[in-house]
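**Student:** Shown below is the structure under consideration.
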Amino acid sequence: MADPTGFEPAISSVTGWHVGPLHHGSVRRVRRIAGAPGVVVDPPGRRPSCNGPVLASRDGALHSRPMAPIIDLRSDTVTRPTPEMRRAMAMAEVGDDVFGDDPTVIALEERAAELLGKEAGLFVPSGTMGNLVAQLAHLGRGQETIAGREHHIVLDEAAGHAVVAGTSIRQLAERPDGTLDLDELRGAFRDPLDEHHPETGLVAMENTHAHSMGQPITPAYTARVAAIAHEHGVPLHVDGARLWNAAVALEVSGRDLAAPADSVTFCLSKGLACPIGSVLVGSRELIRRARRGRKLVGGGMRQVGVLAAAGLVALQDGADGMIERLAEDHANARRLAEALADLDGTESAGGIAQPEPGRLDPDRVRTNFVLFRVARDRAAFLEALRARGVLMIDYSHGQVRAVTHHGIEASDVDRVIAATAAALHETATRRIAEATPA
Ligand SMILES: Cc1ncc(COP(=O)(O)O)c(C=O)c1O
């Protein structure tokens, strides 16, 4: 039967070459060199291109028909800078940002602060560093942050809060809408008079909330959390790696989302398609302390206006910028989830992404994350999908994650649906094989 994706599944071994998974989320890429007699394999660890040429054939021969590009849904971090960004980067006016005189960085920081209604901003290389320097700015050693137990700062930042900031995190269970129970939050503050306890020094939120399938968190809830934190004399930090996805999904401004918080980070390098960078915003005094923290962790950069220039392109108003278009990613994710839900072999994501078992519920998709489980061997499914030129990634709780982003068009979603159907079909027997005792 012809593969509906138009791809022959790539075999794992082509004479002399290998087209197999290397490690978590990484593939080797076989590419044809124009005029050369064979194929070459990109070095291990290099990411496949969203728009590069693909792959090998079933029998080791090159395909004679044109290859479709890889569709990479592992994350929205795989986005490539737009031509306009590249032009702006090439032309960027620069200075030495550690001396504070890179005009493009200053312009980006001011733009971010203005958009989120804060006094000042700080350009940092990554979301992780943004969260870390926020913690360094807010907290003293031995203090404690209250956060959701599935937050990125808890699970995915190499314990920077402990290793670098010297703090602990009191973790509360999130609900399926990505929020915390406010009574539990009230009960999580430590007694400042009890010398046995760490002092509560910060409350952290995540918006959108990744593990609940990217739920956007409302300004009203953020205001309630901030009010509770402030009653205890404690600031609120929002990890807004995908804050703009939340703003677009909720049809509110970034300013509304950020208003109750004392600091917010957002990533330029995710849905906004910049090659690198995040911005932390807050009061002038907080940003002064965070700048010191950034220096401490080695994040002081020099002629970094070449990178900030891409951020300024992304943060333009309307259709010129990259914020408004996030609605397309959300629509694509929703349509993908609707189709996946109808396929034999997909299931509810489980966990807080979709607590009810059974069919994947497309209504859970509010932004650009689609999380689901497959009723078969997950690694085999991902490999079968990869062989058809579509990349998704394994995620917590036995889930598969597909993230839509700039560069993924509606027609790509059609290809992904067809590839998923074929990969599910190919791996259907794995479940039976697993259930049969050896
Ligand atoms: C919710 C959240 N916060 C922070 C980060 C960290 O961003 P970066 O990868 O730029 O360090 C991520 C990255 O995926 C994220 O998903």
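Ordered as shown in the structure tokens, chains take letters A, B, and onward, while each chain numbers its residues from 1 and ligands are numbered from 1 in the order shown.
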With only C-alpha atoms as the counted atoms, please give the residues lying no more than 9 Å from A:Ala428, apart from itself and same-chain residues fewer than 4 positions off, as a ChimeraX atom specification.

**Tutor:** /A:345,375-377,381,423-424,432

**Student:** Please return as a ChimeraX atom specification the residues found within 8 Å of ligand 1, counting only C-alpha atoms and all ligand atoms.

**Tutor:** /A:75,77,125-131,151-153,156-157,206-210,239-242,267,269-270,276-278

**Student:** Could you save the residues just selected, with N, CA and C atoms, as an mmCIF file, in the first residue's frame?

**Tutor:**
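After the write, part-v3.cif holds the following:
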data_model
loop_
_atom_site.group_PDB
_atom_site.id
_atom_site.type_symbol
_atom_site.label_atom_id
_atom_site.label_comp_id
_atom_site.auth_asym_id
_atom_site.auth_seq_id
_atom_site.Cartn_x
_atom_site.Cartn_y
_atom_site.Cartn_z
ATOM 1 N N SER A 75 9.432 20.983 19.149
ATOM 2 C CA SER A 75 9.294 22.169 19.999
ATOM 3 C C SER A 75 9.166 23.395 19.105
ATOM 4 N N THR A 77 11.038 25.782 19.685
ATOM 5 C CA THR A 77 12.411 26.304 19.715
ATOM 6 C C THR A 77 13.157 26.014 18.410
ATOM 7 N N PRO A 125 20.487 35.275 27.421
ATOM 8 C CA PRO A 125 20.560 34.316 26.313
ATOM 9 C C PRO A 125 19.435 33.291 26.293
ATOM 10 N N SER A 126 18.855 32.968 27.450
ATOM 11 C CA SER A 126 17.874 31.873 27.469
ATOM 12 C C SER A 126 16.803 32.127 28.527
ATOM 13 N N GLY A 127 15.716 31.383 28.385
ATOM 14 C CA GLY A 127 14.652 31.451 29.388
ATOM 15 C C GLY A 127 15.144 30.955 30.732
ATOM 16 N N THR A 128 15.968 29.923 30.683
ATOM 17 C CA THR A 128 16.513 29.371 31.926
ATOM 18 C C THR A 128 17.324 30.438 32.660
ATOM 19 N N MET A 129 18.148 31.178 31.905
ATOM 20 C CA MET A 129 18.926 32.219 32.581
ATOM 21 C C MET A 129 18.015 33.349 33.079
ATOM 22 N N GLY A 130 16.974 33.640 32.320
ATOM 23 C CA GLY A 130 16.024 34.670 32.766
ATOM 24 C C GLY A 130 15.398 34.297 34.102
ATOM 25 N N ASN A 131 14.960 33.040 34.211
ATOM 26 C CA ASN A 131 14.372 32.603 35.476
ATOM 27 C C ASN A 131 15.411 32.587 36.592
ATOM 28 N N HIS A 151 6.484 22.708 37.089
ATOM 29 C CA HIS A 151 7.021 23.904 36.439
ATOM 30 C C HIS A 151 8.417 23.639 35.881
ATOM 31 N N HIS A 152 8.734 24.391 34.835
ATOM 32 C CA HIS A 152 10.060 24.281 34.224
ATOM 33 C C HIS A 152 11.152 24.563 35.247
ATOM 34 N N ILE A 153 10.952 25.538 36.126
ATOM 35 C CA ILE A 153 12.038 25.856 37.083
ATOM 36 C C ILE A 153 12.263 24.712 38.066
ATOM 37 N N ASP A 156 13.235 21.350 34.926
ATOM 38 C CA ASP A 156 14.043 21.410 33.704
ATOM 39 C C ASP A 156 15.132 22.469 33.707
ATOM 40 N N GLU A 157 15.538 22.948 34.874
ATOM 41 C CA GLU A 157 16.567 23.989 34.869
ATOM 42 C C GLU A 157 17.775 23.572 35.708
ATOM 43 N N GLU A 206 3.866 29.744 35.866
ATOM 44 C CA GLU A 206 4.310 29.465 34.488
ATOM 45 C C GLU A 206 3.141 29.733 33.534
ATOM 46 N N ASN A 207 3.373 30.555 32.533
ATOM 47 C CA ASN A 207 2.295 30.937 31.617
ATOM 48 C C ASN A 207 2.842 31.123 30.201
ATOM 49 N N THR A 208 2.413 30.258 29.213
ATOM 50 C CA THR A 208 1.481 29.178 29.340
ATOM 51 C C THR A 208 2.096 28.067 30.193
ATOM 52 N N HIS A 209 1.226 27.180 30.664
ATOM 53 C CA HIS A 209 1.683 26.116 31.547
ATOM 54 C C HIS A 209 1.886 24.849 30.715
ATOM 55 N N ALA A 210 3.153 24.466 30.573
ATOM 56 C CA ALA A 210 3.498 23.445 29.577
ATOM 57 C C ALA A 210 2.840 22.092 29.854
ATOM 58 N N ASP A 239 7.198 32.845 34.899
ATOM 59 C CA ASP A 239 7.968 32.262 33.812
ATOM 60 C C ASP A 239 7.043 32.263 32.599
ATOM 61 N N GLY A 240 7.182 33.295 31.790
ATOM 62 C CA GLY A 240 6.313 33.443 30.618
ATOM 63 C C GLY A 240 7.051 33.061 29.355
ATOM 64 N N ALA A 241 7.717 31.917 29.396
ATOM 65 C CA ALA A 241 8.444 31.470 28.195
ATOM 66 C C ALA A 241 7.536 31.611 26.966
ATOM 67 N N ARG A 242 6.267 31.261 27.160
ATOM 68 C CA ARG A 242 5.282 31.387 26.061
ATOM 69 C C ARG A 242 4.162 32.340 26.473
ATOM 70 N N CYS A 267 10.323 34.288 26.278
ATOM 71 C CA CYS A 267 11.352 33.814 25.346
ATOM 72 C C CYS A 267 11.106 34.372 23.954
ATOM 73 N N SER A 269 13.056 33.064 21.613
ATOM 74 C CA SER A 269 13.573 31.958 20.800
ATOM 75 C C SER A 269 12.572 30.820 20.644
ATOM 76 N N LYS A 270 11.345 31.003 21.081
ATOM 77 C CA LYS A 270 10.348 29.929 20.906
ATOM 78 C C LYS A 270 9.393 30.355 19.785
ATOM 79 N N ILE A 276 17.749 33.208 19.351
ATOM 80 C CA ILE A 276 18.255 33.125 20.725
ATOM 81 C C ILE A 276 17.601 34.230 21.549
ATOM 82 N N GLY A 277 17.509 34.015 22.850
ATOM 83 C CA GLY A 277 17.224 35.133 23.726
ATOM 84 C C GLY A 277 15.887 35.117 24.432
ATOM 85 N N SER A 278 15.927 35.720 25.612
ATOM 86 C CA SER A 278 14.741 35.950 26.439
ATOM 87 C C SER A 278 14.902 37.323 27.057
#

**Student:** Mind giving me the straight-line distance from atom CA of A:His397 to atom CA of A:Leu172 in Å, one decimal?

**Tutor:**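 The value is 17.5 Å.
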
**Student:** Which is closest to A:Met91 among A:Val416, A:Val374, A:Val306, A:Ala380, if we use only C-alpha atoms?

**Tutor:**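 Smallest distance to A:Met91 is found for A:Val306.
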
**Student:** Need to verify the contact set: stretch 92-95 of chain A, 6 Å, only C-alpha atoms, exclusion of same-chain residues closer than 4 positions in sequence. Can you return it as a PyMOL selection string?

**Tutor:** chain A and resi 88+101-102+303+305-306

**Student:** Could you pull out the residues in stretch 244-359 of chain A that DSSP calls strand (DSSP E or B) from the backbone, as a list in words?

**Tutor:**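 Assigned to strand (DSSP E or B), within stretch 244-359 of chain A: Ser263, Val264, Thr265, Phe266, Cys267, Ser278, Val279, Leu280, Val281, Gly282, Asp344, Thr346, Glu347, Gly350 and Gln354 of chain A.
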